[in-house]
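Structure file start.cif (mmCIF, C-alpha atoms) is printed below.
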```cif
data_protein
loop_
_atom_site.group_PDB
_atom_site.id
_atom_site.type_symbol
_atom_site.label_atom_id
_atom_site.label_comp_id
_atom_site.auth_asym_id
_atom_site.auth_seq_id
_atom_site.Cartn_x
_atom_site.Cartn_y
_atom_site.Cartn_z
ATOM 1 C CA MET A 1 95.103 119.151 103.481
ATOM 2 C CA VAL A 2 95.367 116.557 106.223
ATOM 3 C CA GLU A 3 98.617 114.651 106.585
ATOM 4 C CA ALA A 4 98.922 111.508 108.686
ATOM 5 C CA ALA A 5 100.921 108.365 109.272
ATOM 6 C CA ARG A 6 99.391 104.972 109.937
ATOM 7 C CA PRO A 7 100.522 101.342 110.033
ATOM 8 C CA ALA A 8 100.730 99.828 106.568
ATOM 9 C CA THR A 9 98.454 96.957 105.616
ATOM 10 C CA GLY A 10 98.807 94.249 103.012
ATOM 11 C CA ASP A 11 96.640 96.365 100.722
ATOM 12 C CA ASP A 12 99.272 99.131 100.852
ATOM 13 C CA LEU A 13 102.251 97.015 99.767
ATOM 14 C CA ALA A 14 101.870 97.499 96.009
ATOM 15 C CA ARG A 15 101.859 101.272 96.523
ATOM 16 C CA VAL A 16 104.813 101.015 98.933
ATOM 17 C CA ALA A 17 106.722 99.037 96.282
ATOM 18 C CA GLU A 18 106.004 101.788 93.757
ATOM 19 C CA LEU A 19 107.225 104.449 96.198
ATOM 20 C CA SER A 20 110.324 102.375 96.926
ATOM 21 C CA ARG A 21 111.169 102.281 93.214
ATOM 22 C CA GLN A 22 110.822 106.066 93.083
ATOM 23 C CA ALA A 23 113.094 106.420 96.124
ATOM 24 C CA ARG A 24 115.733 104.147 94.583
ATOM 25 C CA ALA A 25 115.672 106.178 91.349
ATOM 26 C CA GLU A 26 116.226 109.403 93.313
ATOM 27 C CA VAL A 27 119.057 107.938 95.384
ATOM 28 C CA GLU A 28 120.879 106.404 92.431
ATOM 29 C CA SER A 29 121.993 109.782 91.071
ATOM 30 C CA GLU A 30 123.179 111.109 94.449
ATOM 31 C CA ARG A 31 126.835 111.024 95.495
ATOM 32 C CA GLY A 32 127.356 107.589 97.046
ATOM 33 C CA GLY A 33 123.916 106.457 95.909
ATOM 34 C CA ALA A 34 124.929 103.618 93.600
ATOM 35 C CA THR A 35 127.082 101.961 96.268
ATOM 36 C CA PHE A 36 124.409 102.540 98.917
ATOM 37 C CA LEU A 37 121.827 100.819 96.709
ATOM 38 C CA ALA A 38 124.169 97.914 95.987
ATOM 39 C CA ARG A 39 125.302 97.450 99.588
ATOM 40 C CA GLU A 40 122.933 98.799 102.238
ATOM 41 C CA ALA A 41 119.534 99.510 100.711
ATOM 42 C CA ARG A 42 116.620 97.143 100.390
ATOM 43 C CA GLY A 43 116.555 95.333 97.067
ATOM 44 C CA ASP A 44 113.740 95.269 94.550
ATOM 45 C CA SER A 45 111.791 92.641 96.506
ATOM 46 C CA VAL A 46 110.025 95.238 98.665
ATOM 47 C CA VAL A 47 106.770 93.326 98.994
ATOM 48 C CA ASP A 48 108.589 90.114 99.971
ATOM 49 C CA ASP A 49 110.746 92.032 102.467
ATOM 50 C CA LEU A 50 108.009 94.105 104.069
ATOM 51 C CA ALA A 51 105.015 91.741 104.076
ATOM 52 C CA PRO A 52 106.384 89.709 107.027
ATOM 53 C CA ALA A 53 107.202 92.955 108.857
ATOM 54 C CA LEU A 54 103.519 93.886 109.030
ATOM 55 C CA ALA A 55 103.024 91.288 111.779
ATOM 56 C CA ASP A 56 106.503 91.465 113.357
ATOM 57 C CA GLY A 57 106.744 93.436 116.602
ATOM 58 C CA GLU A 58 110.428 94.124 115.987
ATOM 59 C CA ARG A 59 109.764 95.847 112.656
ATOM 60 C CA CYS A 60 107.475 98.669 111.666
ATOM 61 C CA VAL A 61 106.046 99.666 108.295
ATOM 62 C CA LEU A 62 104.064 102.874 108.021
ATOM 63 C CA VAL A 63 102.449 104.796 105.218
ATOM 64 C CA GLY A 64 102.174 108.548 105.081
ATOM 65 C CA THR A 65 98.977 109.959 103.681
ATOM 66 C CA LEU A 66 97.743 113.270 102.394
ATOM 67 C CA ASP A 67 93.969 113.566 102.426
ATOM 68 C CA GLY A 68 93.854 109.771 102.740
ATOM 69 C CA VAL A 69 96.065 109.090 99.702
ATOM 70 C CA VAL A 70 99.321 107.184 100.337
ATOM 71 C CA VAL A 71 102.188 109.482 99.297
ATOM 72 C CA GLY A 72 105.032 108.137 101.441
ATOM 73 C CA PHE A 73 106.240 105.308 103.614
ATOM 74 C CA GLY A 74 108.677 104.534 106.370
ATOM 75 C CA SER A 75 110.084 101.433 107.966
ATOM 76 C CA ALA A 76 112.174 100.678 111.010
ATOM 77 C CA ARG A 77 113.478 97.728 112.953
ATOM 78 C CA THR A 78 115.012 97.102 116.325
ATOM 79 C CA GLU A 79 118.272 95.391 117.075
ATOM 80 C CA ARG A 80 120.001 94.461 120.299
ATOM 81 C CA LEU A 81 123.497 95.879 120.645
ATOM 82 C CA ARG A 82 126.396 93.976 122.226
ATOM 83 C CA ASP A 83 125.847 95.788 125.526
ATOM 84 C CA GLY A 84 122.179 94.694 125.566
ATOM 85 C CA THR A 85 120.791 98.090 124.572
ATOM 86 C CA VAL A 86 117.801 98.082 122.233
ATOM 87 C CA HIS A 87 118.518 100.244 119.203
ATOM 88 C CA GLY A 88 116.279 101.382 116.359
ATOM 89 C CA VAL A 89 117.202 101.620 112.691
ATOM 90 C CA ILE A 90 115.135 103.476 110.119
ATOM 91 C CA GLY A 91 115.363 101.491 106.894
ATOM 92 C CA ASP A 92 113.115 103.601 104.696
ATOM 93 C CA LEU A 93 111.658 107.072 104.817
ATOM 94 C CA TYR A 94 110.337 108.488 101.583
ATOM 95 C CA VAL A 95 107.694 110.991 100.515
ATOM 96 C CA GLU A 96 106.863 111.752 96.896
ATOM 97 C CA PRO A 97 108.410 115.056 95.789
ATOM 98 C CA GLU A 98 104.999 116.649 95.120
ATOM 99 C CA ALA A 99 103.901 115.892 98.700
ATOM 100 C CA ARG A 100 106.990 117.194 100.498
ATOM 101 C CA GLY A 101 106.985 120.206 102.748
ATOM 102 C CA VAL A 102 103.436 119.791 104.056
ATOM 103 C CA GLY A 103 104.051 117.535 107.074
ATOM 104 C CA VAL A 104 103.827 113.974 105.742
ATOM 105 C CA GLY A 105 107.511 113.266 106.434
ATOM 106 C CA GLU A 106 107.189 114.765 109.906
ATOM 107 C CA ALA A 107 104.135 112.599 110.618
ATOM 108 C CA LEU A 108 106.060 109.501 109.522
ATOM 109 C CA MET A 109 109.104 110.490 111.597
ATOM 110 C CA ASP A 110 107.008 111.180 114.693
ATOM 111 C CA ALA A 111 105.328 107.777 114.350
ATOM 112 C CA LEU A 112 108.672 105.983 113.819
ATOM 113 C CA LEU A 113 110.174 107.693 116.876
ATOM 114 C CA ALA A 114 107.115 106.812 118.977
ATOM 115 C CA TRP A 115 107.342 103.198 117.786
ATOM 116 C CA ALA A 116 111.032 103.053 118.787
ATOM 117 C CA ALA A 117 110.311 104.577 122.198
ATOM 118 C CA GLU A 118 107.532 102.028 122.824
ATOM 119 C CA ARG A 119 110.089 99.269 122.257
ATOM 120 C CA GLY A 120 112.600 100.725 124.682
ATOM 121 C CA CYS A 121 115.098 101.926 122.100
ATOM 122 C CA LYS A 122 117.800 104.153 123.584
ATOM 123 C CA GLY A 123 118.537 105.610 120.140
ATOM 124 C CA ILE A 124 117.589 105.318 116.500
ATOM 125 C CA ASP A 125 119.734 105.667 113.377
ATOM 126 C CA ALA A 126 118.856 106.831 109.883
ATOM 127 C CA THR A 127 120.956 107.189 106.742
ATOM 128 C CA ALA A 128 121.519 110.284 104.629
ATOM 129 C CA LEU A 129 123.826 110.387 101.633
ATOM 130 C CA PRO A 130 126.647 112.959 101.759
ATOM 131 C CA GLY A 131 125.303 115.220 99.024
ATOM 132 C CA ASP A 132 121.651 115.041 100.051
ATOM 133 C CA ARG A 133 121.366 118.275 102.021
ATOM 134 C CA ALA A 134 117.546 118.192 102.131
ATOM 135 C CA THR A 135 117.521 114.772 103.828
ATOM 136 C CA LYS A 136 120.279 115.771 106.232
ATOM 137 C CA ASN A 137 118.370 118.953 107.140
ATOM 138 C CA PHE A 138 115.162 116.967 107.620
ATOM 139 C CA PHE A 139 116.862 114.544 110.016
ATOM 140 C CA GLU A 140 118.597 117.342 111.906
ATOM 141 C CA GLY A 141 115.275 119.159 112.196
ATOM 142 C CA SER A 142 113.882 115.964 113.748
ATOM 143 C CA GLY A 143 116.631 115.962 116.391
ATOM 144 C CA PHE A 144 119.160 113.642 114.734
ATOM 145 C CA THR A 145 122.904 114.283 114.884
ATOM 146 C CA ALA A 146 125.724 112.574 113.010
ATOM 147 C CA ARG A 147 126.985 109.509 114.902
ATOM 148 C CA LEU A 148 129.232 107.908 112.302
ATOM 149 C CA LEU A 149 130.665 108.920 108.969
ATOM 150 C CA VAL A 150 131.584 106.157 106.527
ATOM 151 C CA MET A 151 134.483 107.138 104.310
ATOM 152 C CA HIS A 152 134.836 105.605 100.854
ATOM 153 C CA HIS A 153 137.705 105.486 98.380
ATOM 154 C CA ARG A 154 136.986 104.390 94.837
ATOM 155 C CA VAL A 155 139.517 101.870 93.517
ATOM 156 C CA GLU A 156 139.935 101.883 89.759
ATOM 157 C CA ARG A 157 142.278 99.948 87.529
#
```

Would you mind giving the structure from this file in structure tokens?
Amino acid sequence: MVEAARPATGDDLARVAELSRQARAEVESERGGATFLAREARGDSVVDDLAPALADGERCVLVGTLDGVVVGFGSARTERLRDGTVHGVIGDLYVEPEARGVGVGEALMDALLAWAAERGCKGIDATALPGDRATKNFFEGSGFTARLLVMHHRVER
């Protein structure tokens, strides 16, 4: 099997939207997932959100492939911090469960990190939910460390 990451094209967006729906379904059942989806995550308009990013130098959309078949995707953007530093933010990184553990996620991560470096980013952030040990381990294995923990208290009446 040959795994790879490449820039997404307009022809890939329907498949990326399908993968995004799968990712949202997985996240929803995780601890903190429902609030993450309602507050931070991309909405259901994936194609509308990502289509302009295909030609935007400050955003990146990649697909991960296994033997040429799209089985994952990743996206990132840059932002300028108050001190002028260029910072990267990974917005999406998802690989279908059946295609995990064979290098597709690593190929996507390597390409996202290279993209951020090419743009002069001094750092790049990614999100992992508190109960998602596999995602946390993946990011740590890619050299990420925790930078900020967001604490949440549920308010019920």

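Of the listed residues A:Arg6, A:Arg119, A:Arg80, A:Arg42, the one whose atoms come nearest to Gly57 of chain A is A:Arg119, with distances taken using all atoms listed in the file.
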
Problem - Counting all atoms listed in the file, the option among A:Gly74, A:Val61, A:Glu18, A:Arg82 closest to Gly105 of chain A - result: A:Gly74

Within 9 Å of Glu79 of chain A, counting all atoms listed in the file, which residues show up once you throw out same-chain ones fewer than 3 positions away? Write them as a PDB file with C-alpha atoms, in the frame of the given file, please.
```pdb
ATOM      1  CA  GLU A  58     110.428  94.124 115.987  1.00  0.00           C
ATOM      2  CA  THR A  85     120.791  98.090 124.572  1.00  0.00           C
ATOM      3  CA  VAL A  86     117.801  98.082 122.233  1.00  0.00           C
ATOM      4  CA  HIS A  87     118.518 100.244 119.203  1.00  0.00           C
ATOM      5  CA  GLY A  88     116.279 101.382 116.359  1.00  0.00           C
ATOM      6  CA  VAL A  89     117.202 101.620 112.691  1.00  0.00           C
ATOM      7  CA  CYS A 121     115.098 101.926 122.100  1.00  0.00           C
TER       8      CYS A 121
END
```

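Selection by the PyMOL selection byres ((chain A and resi 50) around 10) on the present file picks out Ala8, Gly10, Leu13, Val16, Ala17, Arg42, Ser45, Val46, Val47, Asp48, Asp49, Ala51, Pro52, Ala53, Leu54, Ala55, Asp56, Arg59, Cys60, Val61 and Ser75 of chain A.
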
Exercise for the section: Identify, on the basis of only C-alpha atoms, every residue whose closest approach to Ile90 of chain A does not exceed 7 Å; exclude the query and any residue fewer than 4 positions from it along the same chain; express the result as a ChimeraX atom specification. Expected result: /A:75-77,125-126

Box for segment 33-49 of chain A: with edges along x, y and z, all listed atoms inside and 8 Å added on each side, what are the centre and edge lengths in Å to one decimal, as JSON?
```
{"center_x": 116.9, "center_y": 98.3, "center_z": 98.0, "size_x": 36.3, "size_y": 32.3, "size_z": 24.9}
```

Practice task
Report the residues retrieved by the PyMOL selection byres ((chain A and resi 129-137) around 9) from the displayed file, expressed as number ranges by chain.
Solution key: A: 27, 30-33, 36, 127-128, 138-142, 144

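Distances from A:Pro7, A:Gly43, A:Gly68, A:Gly84 to Lys122 of chain A were compared using all atoms listed in the file, and the smallest one belongs to A:Gly84.
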
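We find atom CA of Val63 of chain A and atom CA of Ala146 of chain A to be spaced 25.7 Å apart.
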
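Nearest residue to Trp115 of chain A, choosing from A:Met151, A:Leu62, A:Val70, A:Val2 and counting only C-alpha atoms: A:Leu62.
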
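Among the candidate residues A:Ala25, A:Ser20, A:Ala107, A:Val69, the one lying nearest to Asp92 of chain A is A:Ser20, with distances computed using only C-alpha atoms.
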
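The gap separating atom CA of Ser29 of chain A from atom CA of Glu106 of chain A is 24.5 Å, in Å to one decimal.
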
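Distances to Thr35 of chain A were evaluated for A:Arg15, A:His152, A:Arg157, A:Arg100 using all atoms listed in the file, and the minimum falls at A:His152.
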
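Atom CA of Leu37 of chain A is positioned 25.3 Å from atom CA of Thr9 of chain A.
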
Exercise for the section: Counting all atoms listed in the file, note down every residue that has an atom within 9 Å of the point (101.4, 115.5, 105.2) (file coordinates), as a ChimeraX atom specification. Expected result: /A:1-5,64-67,71,99-108
